[in-house]
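Peer 1: Just dropping this structure here.
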Amino acid sequence: MSRWYHPAGSAGRGPYAVELTPSAVEGWRWTSLRVLELGPGESHTFESGAEELFVLPLSGGGTVVVDGERFELTGRPDVFSGPSDTVYVPRDASVTVTAAGHDADGARFALPAAPCTNRLAARYLAVDDVAVEIRGAGNATRQVHNFGSADTFDADRLIAVEVVTPAGNWSSYPPHKHDVDEPGAESELEEIYYFEVGAGPSGPGFGYHRVYGTDDRPIDVLAEVRTGDVVLVPHGWHGPSAAAPGYHLYYLNVMAGPGATREWLISDDPAHAWVRDQWATQAPDPRLPMGRTTPTAMEEQR
């Protein structure tokens with residue numbers, strides 16, 4: 001198993017189905033991801049320490065208490081039901097997450113995080129305030145939930161978004177990178193991909209994800225991904241994320257880096273950048289948006 005690919009069940013500990021942090025992965029510095037699974041009415045308390053984070057329902061809902069301030073999370077049935085409300089948690093905070101007691105399946109929460117310097121206020125983001133973007137066209141159409149993007153939500157270092165790719169489509173395409181600091185052109189960001197895949201009549205589905213490097217910074221990941229799998233991108237071109245026909249693909253992106261400015265600037269692989277030009281003559285996939293009928297218009301970037 002590559003240190004950059006972590007199949008479901010390989011990176012869990014205690015209440016966390018996933019716990020990937022800089023202390024757990026050699027060469028990893030700027031981002032963390034935990035996936036918290038709780039039964040109905042169960043609670044988990046932790047300290048945010050030097051990290052800022054989001055509490056993002058993947059399925060179910062509940063409450064989040066941050067330094068005594070209580071937030072209610074409606075959540076959602078699953079990640080293919082549209083965006084969710086979420087709570088931003090600052091560094092140096094005491095946090096208790098409790099699953100709603102009325103849901104027989106409990107709840108699952110993603111906790112994307114990044115070490116930061118400035119302590120901001122805890123905040124609730126309602127689902128109707130999540131900027132939803134339809135990006136790409138044709139079989140490269142995907143739906144992006146910009147709940148924690150650099151241009152929609154104020155944080156210190158952490159950037160986080162969700163992407164839903166309809167069955168048979170490709171996303172994170174053209175392949176792109178963000179591993180050097182070039183002001184105005186590219187920002188240096190580590191990235192985590194956490195995957196969930198829709199099921200078919202006979203059970204769980206699958207997808208594929210690709211990461212490849214440059215001559216001076218090689219990396220080579222080609223992973224068949226299923227629900228609960230994680231791919232880490234320390235550097236290099238990444239994409240496509242391909243949804244197999246019959247199975248919708250979801251991923252949560254977590255990004256942060258050493259740059260003084262919190263921004264997401266990318267460079268396309270020059271060999272494939274021309275694909276973007278085709279989108280102008282193609283219609284978006286009519287299956288989108290999923291779970292929300294009026295996407296927020298945003299600039300098409302990836």
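Here, A, B, ... name the chains of the structure tokens in the order displayed, residue numbers run from 1 inside each chain, and ligands are numbered from 1 in the same displayed order.
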Report as a VMD selection string all protein, DNA and RNA residues lying within 7 Å of region 19-36 of chain A, evaluated on only C-alpha atoms, omitting residues in the same chain fewer than 4 positions from it.

Peer 2: chain A and resid 11 to 13 15 108 to 115 190 254 to 257

Peer 1: Keeping only C-alpha atoms, write the selected residues as a compact mmCIF listing (two decimals), in the first residue's frame.

Peer 2:
# COMPACT_ATOMS: atom_id res chain seq x y z
CA ALA A 11 -6.50 4.62 8.71
CA GLY A 12 -9.08 4.44 11.50
CA ARG A 13 -8.65 4.72 15.25
CA PRO A 15 -14.34 6.65 17.04
CA ARG A 108 -21.13 10.39 10.22
CA PHE A 109 -19.16 13.64 10.26
CA ALA A 110 -16.09 14.67 8.26
CA LEU A 111 -13.64 16.86 10.17
CA PRO A 112 -11.30 18.45 7.59
CA ALA A 113 -8.62 20.49 9.34
CA ALA A 114 -5.42 22.47 8.93
CA PRO A 115 -2.90 23.96 11.36
CA GLU A 190 -1.36 19.80 -0.12
CA VAL A 254 -9.10 19.33 1.94
CA MET A 255 -6.32 21.80 1.09
CA ALA A 256 -3.81 24.00 2.90
CA GLY A 257 -0.22 25.08 2.44

Peer 1: Please return, as number ranges by chain, all residues of region 131-252 of chain A that DSSP assigns to strand (DSSP E) on the basis of the backbone.

Peer 2: A: 131-135, 142-148, 159-165, 170-171, 176-177, 190-197, 199-200, 203-204, 207-212, 220-225, 230-233, 237-243, 249-252

Peer 1: Could you name the residues that touch Arg226 (chain A) at 8 Å or less, counting only C-alpha atoms, but leaving out those on the same chain fewer than 4 positions away, as a PyMOL selection string?

Peer 2: chain A and resi 7-8+195-197+204-207

Peer 1: Based on the selection just made, write N, CA, C and O atoms of those residues as a CSV table (one decimal), in the first residue's frame.

Peer 2:
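The resulting file, out_6.csv, is shown below:
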chain,number,residue,atom,x,y,z
A,7,PRO,N,-6.8,2.7,1.8
A,7,PRO,CA,-8.1,2.1,1.6
A,7,PRO,C,-9.0,2.2,2.8
A,7,PRO,O,-8.4,2.3,4.0
A,8,ALA,N,-10.3,2.1,2.7
A,8,ALA,CA,-11.2,2.1,3.8
A,8,ALA,C,-10.8,1.1,4.9
A,8,ALA,O,-10.5,0.0,4.6
A,195,PHE,N,-13.2,9.7,-0.5
A,195,PHE,CA,-14.2,9.3,-1.5
A,195,PHE,C,-15.4,8.5,-0.9
A,195,PHE,O,-15.2,7.8,0.1
A,196,GLU,N,-16.5,8.7,-1.5
A,196,GLU,CA,-17.7,7.9,-1.3
A,196,GLU,C,-18.3,7.6,-2.7
A,196,GLU,O,-18.2,8.4,-3.6
A,197,VAL,N,-18.8,6.4,-2.8
A,197,VAL,CA,-19.3,5.9,-4.1
A,197,VAL,C,-20.7,5.4,-4.0
A,197,VAL,O,-21.0,4.7,-3.0
A,204,PRO,N,-22.0,-2.0,-3.5
A,204,PRO,CA,-21.2,-0.8,-3.6
A,204,PRO,C,-20.5,-0.7,-5.0
A,204,PRO,O,-20.1,-1.7,-5.6
A,205,GLY,N,-20.3,0.6,-5.4
A,205,GLY,CA,-19.7,0.9,-6.7
A,205,GLY,C,-18.2,1.2,-6.5
A,205,GLY,O,-17.6,1.1,-5.4
A,206,PHE,N,-17.6,1.8,-7.5
A,206,PHE,CA,-16.2,2.1,-7.5
A,206,PHE,C,-15.9,3.2,-8.5
A,206,PHE,O,-16.7,3.6,-9.3
A,207,GLY,N,-14.7,3.8,-8.4
A,207,GLY,CA,-14.2,4.8,-9.3
A,207,GLY,C,-12.7,4.7,-9.4
A,207,GLY,O,-12.1,3.8,-8.8

Peer 1: For Ala160 (chain A), which of A:Ala242, A:Pro83, A:Phe54, A:Asp103 is the closest residue, counting only C-alpha atoms?

Peer 2: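 Among the listed residues, the smallest separation from Ala160 (chain A) belongs to A:Phe54.
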
Peer 1: Within 9 Å of Ser81 (chain A), counting only C-alpha atoms, which residues qualify if same-chain residues fewer than 2 places away don't, as a list in words?

Peer 2: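 Returned residues: Arg76, Pro77, Asp78, Val79, Pro83, Ser84, Met290, Gly291 and Arg292 of chain A.
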
Peer 1: Can you tell me which residues surround Ala107 (chain A) at a distance of at most 10 Å, considering only C-alpha atoms, apart from same-chain residues fewer than 2 positions away, and format the answer as a PyMOL selection string?

Peer 2: chain A and resi 36-42+57-62+75-78+98-101+103-105+109

Peer 1: Keeping only N, CA and C atoms, write the selected residues to a file as a CSV table (one decimal), in the first residue's frame.

Peer 2:
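Output saved as again.csv:
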chain,number,residue,atom,x,y,z
A,36,LEU,N,-15.7,10.9,11.7
A,36,LEU,CA,-16.3,10.5,13.0
A,36,LEU,C,-17.6,9.8,12.8
A,37,GLU,N,-17.7,8.6,13.4
A,37,GLU,CA,-18.9,7.8,13.3
A,37,GLU,C,-19.5,7.7,14.7
A,38,LEU,N,-20.8,8.1,14.8
A,38,LEU,CA,-21.4,8.0,16.1
A,38,LEU,C,-22.8,7.4,16.0
A,39,GLY,N,-23.2,6.5,17.0
A,39,GLY,CA,-24.5,6.0,17.0
A,39,GLY,C,-25.5,7.0,17.5
A,40,PRO,N,-26.8,6.7,17.4
A,40,PRO,CA,-27.8,7.6,17.7
A,40,PRO,C,-27.6,8.2,19.2
A,41,GLY,N,-27.6,9.5,19.3
A,41,GLY,CA,-27.4,10.1,20.6
A,41,GLY,C,-26.0,10.1,21.1
A,42,GLU,N,-25.1,9.4,20.5
A,42,GLU,CA,-23.7,9.4,21.0
A,42,GLU,C,-23.0,10.7,20.8
A,57,PRO,N,-21.5,17.2,8.2
A,57,PRO,CA,-22.2,15.9,8.1
A,57,PRO,C,-22.1,15.2,6.8
A,58,LEU,N,-21.7,14.0,6.8
A,58,LEU,CA,-21.7,13.1,5.6
A,58,LEU,C,-23.1,12.4,5.5
A,59,SER,N,-23.6,11.9,6.6
A,59,SER,CA,-24.9,11.4,6.7
A,59,SER,C,-25.4,11.6,8.1
A,60,GLY,N,-26.7,11.9,8.2
A,60,GLY,CA,-27.3,12.2,9.5
A,60,GLY,C,-27.0,13.7,9.9
A,61,GLY,N,-27.4,14.0,11.1
A,61,GLY,CA,-27.1,15.3,11.7
A,61,GLY,C,-26.9,15.3,13.2
A,62,GLY,N,-27.0,16.4,13.8
A,62,GLY,CA,-26.8,16.4,15.3
A,62,GLY,C,-26.5,17.8,15.8
A,75,GLY,N,-28.0,18.4,8.7
A,75,GLY,CA,-27.3,17.3,8.0
A,75,GLY,C,-28.1,16.9,6.7
A,76,ARG,N,-27.9,15.6,6.3
A,76,ARG,CA,-28.5,15.1,5.1
A,76,ARG,C,-28.5,13.6,5.1
A,77,PRO,N,-29.3,13.0,4.3
A,77,PRO,CA,-29.3,11.5,4.3
A,77,PRO,C,-28.0,10.9,3.8
A,78,ASP,N,-27.4,11.5,2.8
A,78,ASP,CA,-26.1,11.0,2.3
A,78,ASP,C,-25.5,12.1,1.5
A,98,THR,N,-22.4,15.6,18.8
A,98,THR,CA,-23.4,14.6,19.2
A,98,THR,C,-24.3,14.3,18.0
A,99,ALA,N,-24.5,13.0,17.8
A,99,ALA,CA,-25.4,12.6,16.7
A,99,ALA,C,-26.8,12.7,17.1
A,100,ALA,N,-27.7,13.0,16.2
A,100,ALA,CA,-29.1,13.1,16.5
A,100,ALA,C,-29.6,11.8,17.0
A,101,GLY,N,-30.5,11.8,18.0
A,101,GLY,CA,-31.0,10.6,18.6
A,101,GLY,C,-32.1,9.9,17.9
A,103,ASP,N,-32.2,9.3,14.6
A,103,ASP,CA,-31.8,8.6,13.4
A,103,ASP,C,-31.2,7.3,13.8
A,104,ALA,N,-31.9,6.2,13.4
A,104,ALA,CA,-31.5,4.9,13.8
A,104,ALA,C,-30.1,4.5,13.3
A,105,ASP,N,-29.6,5.1,12.3
A,105,ASP,CA,-28.3,4.8,11.8
A,105,ASP,C,-27.2,5.7,12.4
A,109,PHE,N,-19.6,12.3,10.5
A,109,PHE,CA,-19.2,13.6,10.3
A,109,PHE,C,-17.7,13.6,9.7

Peer 1: I'd like the interatomic distance between CA of Leu288 (chain A) and CA of Gln143 (chain A), to a tenth of an Å.

Peer 2: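 Here the two named atoms are 6.9 Å from each other.
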
Peer 1: Report as an MDAnalysis selection string all protein, DNA and RNA residues lying within 8 Å of Leu125 (chain A), evaluated on only C-alpha atoms, omitting residues in the same chain fewer than 5 positions from it.

Peer 2: chainID A and resid 85:88 130 147

Peer 1: Excluding Ala137 (chain A) and any residue of its chain fewer than 5 positions from it, enumerate the residues within 8 Å of it, using only C-alpha atoms, and give them as a list in words.

Peer 2: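 Selected residues are Arg142, Trp279, Ala280, Gln282, Ala283, Pro284 and Asp285 of chain A.
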
Peer 1: My list of candidates is A:Leu265, A:Cys116, A:Ala122, A:Leu56. Which is closest to Glu162 (chain A) when distances are computed with only C-alpha atoms?

Peer 2: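 Smallest distance to Glu162 (chain A) is found for A:Leu56.
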
Peer 1: Kindly indicate which residue among A:Asp156, A:Asp215, A:Glu191, A:Glu186 lies nearest to Ala260 (chain A), using only C-alpha atoms for the distances.

Peer 2: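 The closest residue to Ala260 (chain A) is A:Asp156.
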
Peer 1: Provide the CA of Asp129 (chain A) to CA of Thr152 (chain A) distance in Å, to one decimal place.

Peer 2: 9.6 Å
